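The structure appears below as structure tokens.
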Amino acid sequence: MTKPRNDTFLRALLRQPTEYTPVWLMRQAGRYLPEYCETRRRAGSFMDLCRNPHLACEVTLQPLARYELDAAILFSDILTVPDAMGLGLYFAEGEGPKFERPLREEWAIRDLEAPDPYGHLRYVLDAVAEIRRALDNAVPLIGFSGSPFTLACYMIEGGASDDYRTIKTMLYDRPDLLHHILEVNTRAVTDYLNAQIESGAQAVMIFDSWGGVLSHRAYREFSLAYMERIVAGLKREHAGARVPSIVFTKGGGQWLEQIAAIGCDAVGLDWTVDIAEARSRVGNKVALQGNMDPMALFASPENVADEATRIVEAYGPGSGHVFNLGHGISQFTPPANVTSLVNAVHEHSRKLRQTAA
Ligand code: CP3
């Protein structure tokens with residue numbers, strides 16, 4: 001067993017005692033860092049960066065060189081999976097992700113297959129292995145995937161959407177077709193996450209970025225039920241260590257009890273949720289990850305520290321909290337404010353434990 005020298009993040013996910021609250025940030029390797037932009041320029045494009053394990057490893061480590069983060073996250077994207085299914089992912093400048101062949105025709109849906117992760121997604125697994133070697137057990141490495149529903153949104157809409165009209169038309173008119181897609185995605189995500197675990201990922205996170213746009217009834221049937229099957233199919237242990245899982249439905253605050261019941265170790269919170277209330281609802285079952293508004297990082301360093309401190313205080317004493325943002329960090333964030341955030345979380349949570357003891 002190769003335990004990371006700093007395993008605070010893994011212990012917090014398992015609700016074991018920690019000396020302080022661990023912190024990492026969604027999209028911590030990204031465009032707000034000038035060194036990331038430099039490497040991306042060298043790579044040529046975002047997808048070339050993802051497909052080059054050596055460069056993906058380089059950018060994964062960049063935020064860890066600047067800040068005292070308690071975890072690294074694999075540099076990749078959730079849309080590599082539908083790309084490996086043959087949908088043709090590309091990034092139009094300033095428009096976000098797009099697919100050349102969105103999934104709409106019944107024959108194409110029937111032909112959809114879960115990719116062998118060791119085939120078209122080998123570059124991701126090579127990156128995981130290379131990052132683990134480079135980290136040399138300093139901090140744990142997080143692997144990730146999109147949820148079946150969130151992947152389906154991009155696959156069917158063909159890119160980002162503001163009303164989800166195409167996928168929701170299918171949901172209400174042809175639920176059988178949508179269920180078929182979600183079924184294939186569930187197999188794909190389970191195999192993909194297990195392959196990441198085999199390659200060295202020490203925790204895994206499922207990003208359900210769009211589950212929150214579903215109606216109350218549809219959320220369980222079209223998003224949560226499939227994530228439950230994935231969690232049940234994940235390797236719980238690798239190389240003698242538990243591999244905790246985190247499930248994050250953005251906009252899922254009203255479903256915390258249901259999410260906490262699917263067997264995951266931790267539940268992600270966006271910034272609309274009161275973390276104290278969330279803890280009293282599900283904190284005896286799961287750890288919580290979140291929940292600062294990414295826009296709070298635009299305030300002065302002092303106010304950033306104050307906001308972070310308020311969240312640490314609201315969670316309260318004891319383990320089971322992984323500090324994070326409620327969504328990815330904005331590309332316009334001043335890098336120095338992240339230093340203020342990370343230091344405030346570490347210092348204040350240490351103090352809180354001392355006064356509680
Ligand atoms: O957290 C990390 O540092 C790991 C890397 C990571 C990226 N994307 C890198 C990335 C992770 C975990 C993701 C997840 C992801 N990707 C999600 C789920 C989380 C969320 O944000 O809701 C989604 C929906 C995507 C799809 C995606 N990829 C979008 C919508 C975009 C465009 C966003 C934008 O700001 O333009 C991407 C591109 C992307 N993925 C970037 C990064 C760093 C920016 C690309 C660039 O360098 O040009």
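Note on naming: chains are A, B, ... as they come in the structure tokens, residues start from 1 per chain, ligands start from 1 in the order shown.
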
**Request:** Would you list the residues that come within 8 Å of ligand 1? Count only C-alpha atoms and all ligand atoms and give the answer as JSON, numbers by chain.
**Result:** {"A": [25, 26, 27, 28, 29, 30, 31, 36, 37, 40, 45, 46, 60, 73, 74, 75, 76, 77, 78, 79, 91, 94, 95, 96, 97, 144, 145, 146, 150, 160, 207, 208, 209, 210, 250, 327, 328, 330, 331]}

**Request:** Could you give me, as a list in words, the residues within 10 Å of Glu68 of chain A, counting only C-alpha atoms and dropping anything in the same chain fewer than 6 positions from it?
**Result:** Pro22, Val23, Trp24, Val338, Thr339, Val342, Asn343 and His346 of chain A

**Message:** If we count only C-alpha atoms and set the cut-off at 9 Å, which residues sit around Ile311 of chain A, ignoring sequence neighbours fewer than 5 positions away in its own chain? Please answer as a VMD selection string.
**Reply:** chain A and resid 274 to 276 290 to 292 306 316 323 345

Would you mind exporting all heavy atoms of the selected residues as a PDB file, in the first residue's frame?
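Contents of the output file again.pdb:
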```
ATOM      1  N   ASP A 274     -26.899  25.727   2.212  1.00  0.00           N
ATOM      2  CA  ASP A 274     -26.316  26.045   3.518  1.00  0.00           C
ATOM      3  C   ASP A 274     -25.600  24.782   4.004  1.00  0.00           C
ATOM      4  O   ASP A 274     -26.236  23.760   4.277  1.00  0.00           O
ATOM      5  CB  ASP A 274     -27.448  26.448   4.477  1.00  0.00           C
ATOM      6  CG  ASP A 274     -26.956  26.673   5.897  1.00  0.00           C
ATOM      7  OD1 ASP A 274     -25.757  26.437   6.181  1.00  0.00           O
ATOM      8  OD2 ASP A 274     -27.782  27.064   6.742  1.00  0.00           O
ATOM      9  N   ILE A 275     -24.274  24.850   4.117  1.00  0.00           N
ATOM     10  CA  ILE A 275     -23.504  23.643   4.428  1.00  0.00           C
ATOM     11  C   ILE A 275     -23.807  23.123   5.843  1.00  0.00           C
ATOM     12  O   ILE A 275     -23.733  21.916   6.092  1.00  0.00           O
ATOM     13  CB  ILE A 275     -21.985  23.858   4.180  1.00  0.00           C
ATOM     14  CG1 ILE A 275     -21.252  22.507   4.170  1.00  0.00           C
ATOM     15  CG2 ILE A 275     -21.370  24.826   5.168  1.00  0.00           C
ATOM     16  CD1 ILE A 275     -19.819  22.579   3.657  1.00  0.00           C
ATOM     17  N   ALA A 276     -24.169  24.016   6.758  1.00  0.00           N
ATOM     18  CA  ALA A 276     -24.522  23.574   8.117  1.00  0.00           C
ATOM     19  C   ALA A 276     -25.786  22.710   8.059  1.00  0.00           C
ATOM     20  O   ALA A 276     -25.878  21.642   8.683  1.00  0.00           O
ATOM     21  CB  ALA A 276     -24.745  24.775   9.029  1.00  0.00           C
ATOM     22  N   GLY A 290     -17.428  21.120  -0.884  1.00  0.00           N
ATOM     23  CA  GLY A 290     -17.890  22.399  -1.421  1.00  0.00           C
ATOM     24  C   GLY A 290     -17.600  23.491  -0.410  1.00  0.00           C
ATOM     25  O   GLY A 290     -16.798  23.291   0.500  1.00  0.00           O
ATOM     26  N   ASN A 291     -18.302  24.606  -0.394  1.00  0.00           N
ATOM     27  CA  ASN A 291     -19.344  24.990  -1.299  1.00  0.00           C
ATOM     28  C   ASN A 291     -19.284  26.496  -1.585  1.00  0.00           C
ATOM     29  O   ASN A 291     -20.296  27.170  -1.652  1.00  0.00           O
ATOM     30  CB  ASN A 291     -20.728  24.555  -0.765  1.00  0.00           C
ATOM     31  CG  ASN A 291     -21.255  25.409   0.386  1.00  0.00           C
ATOM     32  OD1 ASN A 291     -20.514  25.925   1.224  1.00  0.00           O
ATOM     33  ND2 ASN A 291     -22.564  25.587   0.404  1.00  0.00           N
ATOM     34  N   MET A 292     -18.072  27.002  -1.806  1.00  0.00           N
ATOM     35  CA  MET A 292     -17.930  28.451  -2.003  1.00  0.00           C
ATOM     36  C   MET A 292     -18.296  28.860  -3.437  1.00  0.00           C
ATOM     37  O   MET A 292     -17.966  28.174  -4.398  1.00  0.00           O
ATOM     38  CB  MET A 292     -16.496  28.895  -1.699  1.00  0.00           C
ATOM     39  CG  MET A 292     -16.344  30.404  -1.639  1.00  0.00           C
ATOM     40  SD  MET A 292     -14.844  30.911  -0.769  1.00  0.00           S
ATOM     41  CE  MET A 292     -13.878  31.471  -2.148  1.00  0.00           C
ATOM     42  N   ASP A 306     -12.273  35.778   4.356  1.00  0.00           N
ATOM     43  CA  ASP A 306     -13.441  35.833   5.247  1.00  0.00           C
ATOM     44  C   ASP A 306     -14.541  34.895   4.781  1.00  0.00           C
ATOM     45  O   ASP A 306     -15.168  34.202   5.581  1.00  0.00           O
ATOM     46  CB  ASP A 306     -14.004  37.258   5.318  1.00  0.00           C
ATOM     47  CG  ASP A 306     -13.133  38.167   6.174  1.00  0.00           C
ATOM     48  OD1 ASP A 306     -12.231  37.633   6.867  1.00  0.00           O
ATOM     49  OD2 ASP A 306     -13.336  39.392   6.126  1.00  0.00           O
ATOM     50  N   GLY A 316     -18.440  23.530  10.745  1.00  0.00           N
ATOM     51  CA  GLY A 316     -18.225  23.303  12.164  1.00  0.00           C
ATOM     52  C   GLY A 316     -17.096  22.331  12.440  1.00  0.00           C
ATOM     53  O   GLY A 316     -16.423  21.871  11.528  1.00  0.00           O
ATOM     54  N   PHE A 323     -13.022  21.130   1.487  1.00  0.00           N
ATOM     55  CA  PHE A 323     -13.337  22.472   0.980  1.00  0.00           C
ATOM     56  C   PHE A 323     -13.134  22.497  -0.532  1.00  0.00           C
ATOM     57  O   PHE A 323     -12.167  21.967  -1.073  1.00  0.00           O
ATOM     58  CB  PHE A 323     -12.442  23.523   1.654  1.00  0.00           C
ATOM     59  CG  PHE A 323     -12.963  24.923   1.453  1.00  0.00           C
ATOM     60  CD1 PHE A 323     -13.701  25.547   2.444  1.00  0.00           C
ATOM     61  CD2 PHE A 323     -12.746  25.596   0.261  1.00  0.00           C
ATOM     62  CE1 PHE A 323     -14.209  26.832   2.253  1.00  0.00           C
ATOM     63  CE2 PHE A 323     -13.249  26.867   0.057  1.00  0.00           C
ATOM     64  CZ  PHE A 323     -13.983  27.488   1.060  1.00  0.00           C
ATOM     65  N   VAL A 345      -8.468  28.492   4.692  1.00  0.00           N
ATOM     66  CA  VAL A 345      -9.105  27.206   5.017  1.00  0.00           C
ATOM     67  C   VAL A 345      -8.212  26.412   5.966  1.00  0.00           C
ATOM     68  O   VAL A 345      -8.662  25.900   6.996  1.00  0.00           O
ATOM     69  CB  VAL A 345      -9.400  26.390   3.729  1.00  0.00           C
ATOM     70  CG1 VAL A 345      -9.865  24.988   4.074  1.00  0.00           C
ATOM     71  CG2 VAL A 345     -10.434  27.113   2.858  1.00  0.00           C
TER      72      VAL A 345
END
```

Kindly provide the residues of segment 203-236 of chain A that approach segment 167-179 of chain A to within 12 Å, each paired with its closest atom pair and their distance in Å to one decimal, based on only C-alpha atoms, listed by chain and increasing number, as a Markdown table.
```
| residue | atom | partner | partner_atom | distance |
| --- | --- | --- | --- | --- |
| A:Trp210 | CA | A:Ile167 | CA | 11.5 |
| A:Gly211 | CA | A:Lys168 | CA | 11.9 |
| A:Val213 | CA | A:Lys168 | CA | 9.8 |
| A:Leu214 | CA | A:Lys168 | CA | 8.6 |
| A:Ser215 | CA | A:Lys168 | CA | 10.2 |
| A:Arg217 | CA | A:Leu171 | CA | 11.8 |
| A:Ala218 | CA | A:Leu171 | CA | 8.6 |
| A:Tyr219 | CA | A:Leu171 | CA | 11.2 |
| A:Glu221 | CA | A:His179 | CA | 9.1 |
| A:Phe222 | CA | A:His179 | CA | 7.3 |
| A:Ser223 | CA | A:His179 | CA | 10.1 |
| A:Ala225 | CA | A:His179 | CA | 10.8 |
| A:Tyr226 | CA | A:His179 | CA | 9.6 |
```

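Nearest residue to Leu69 of chain A among A:Ala138, A:Val189, A:Ala314, A:Val286 is A:Ala138, counting only C-alpha atoms.
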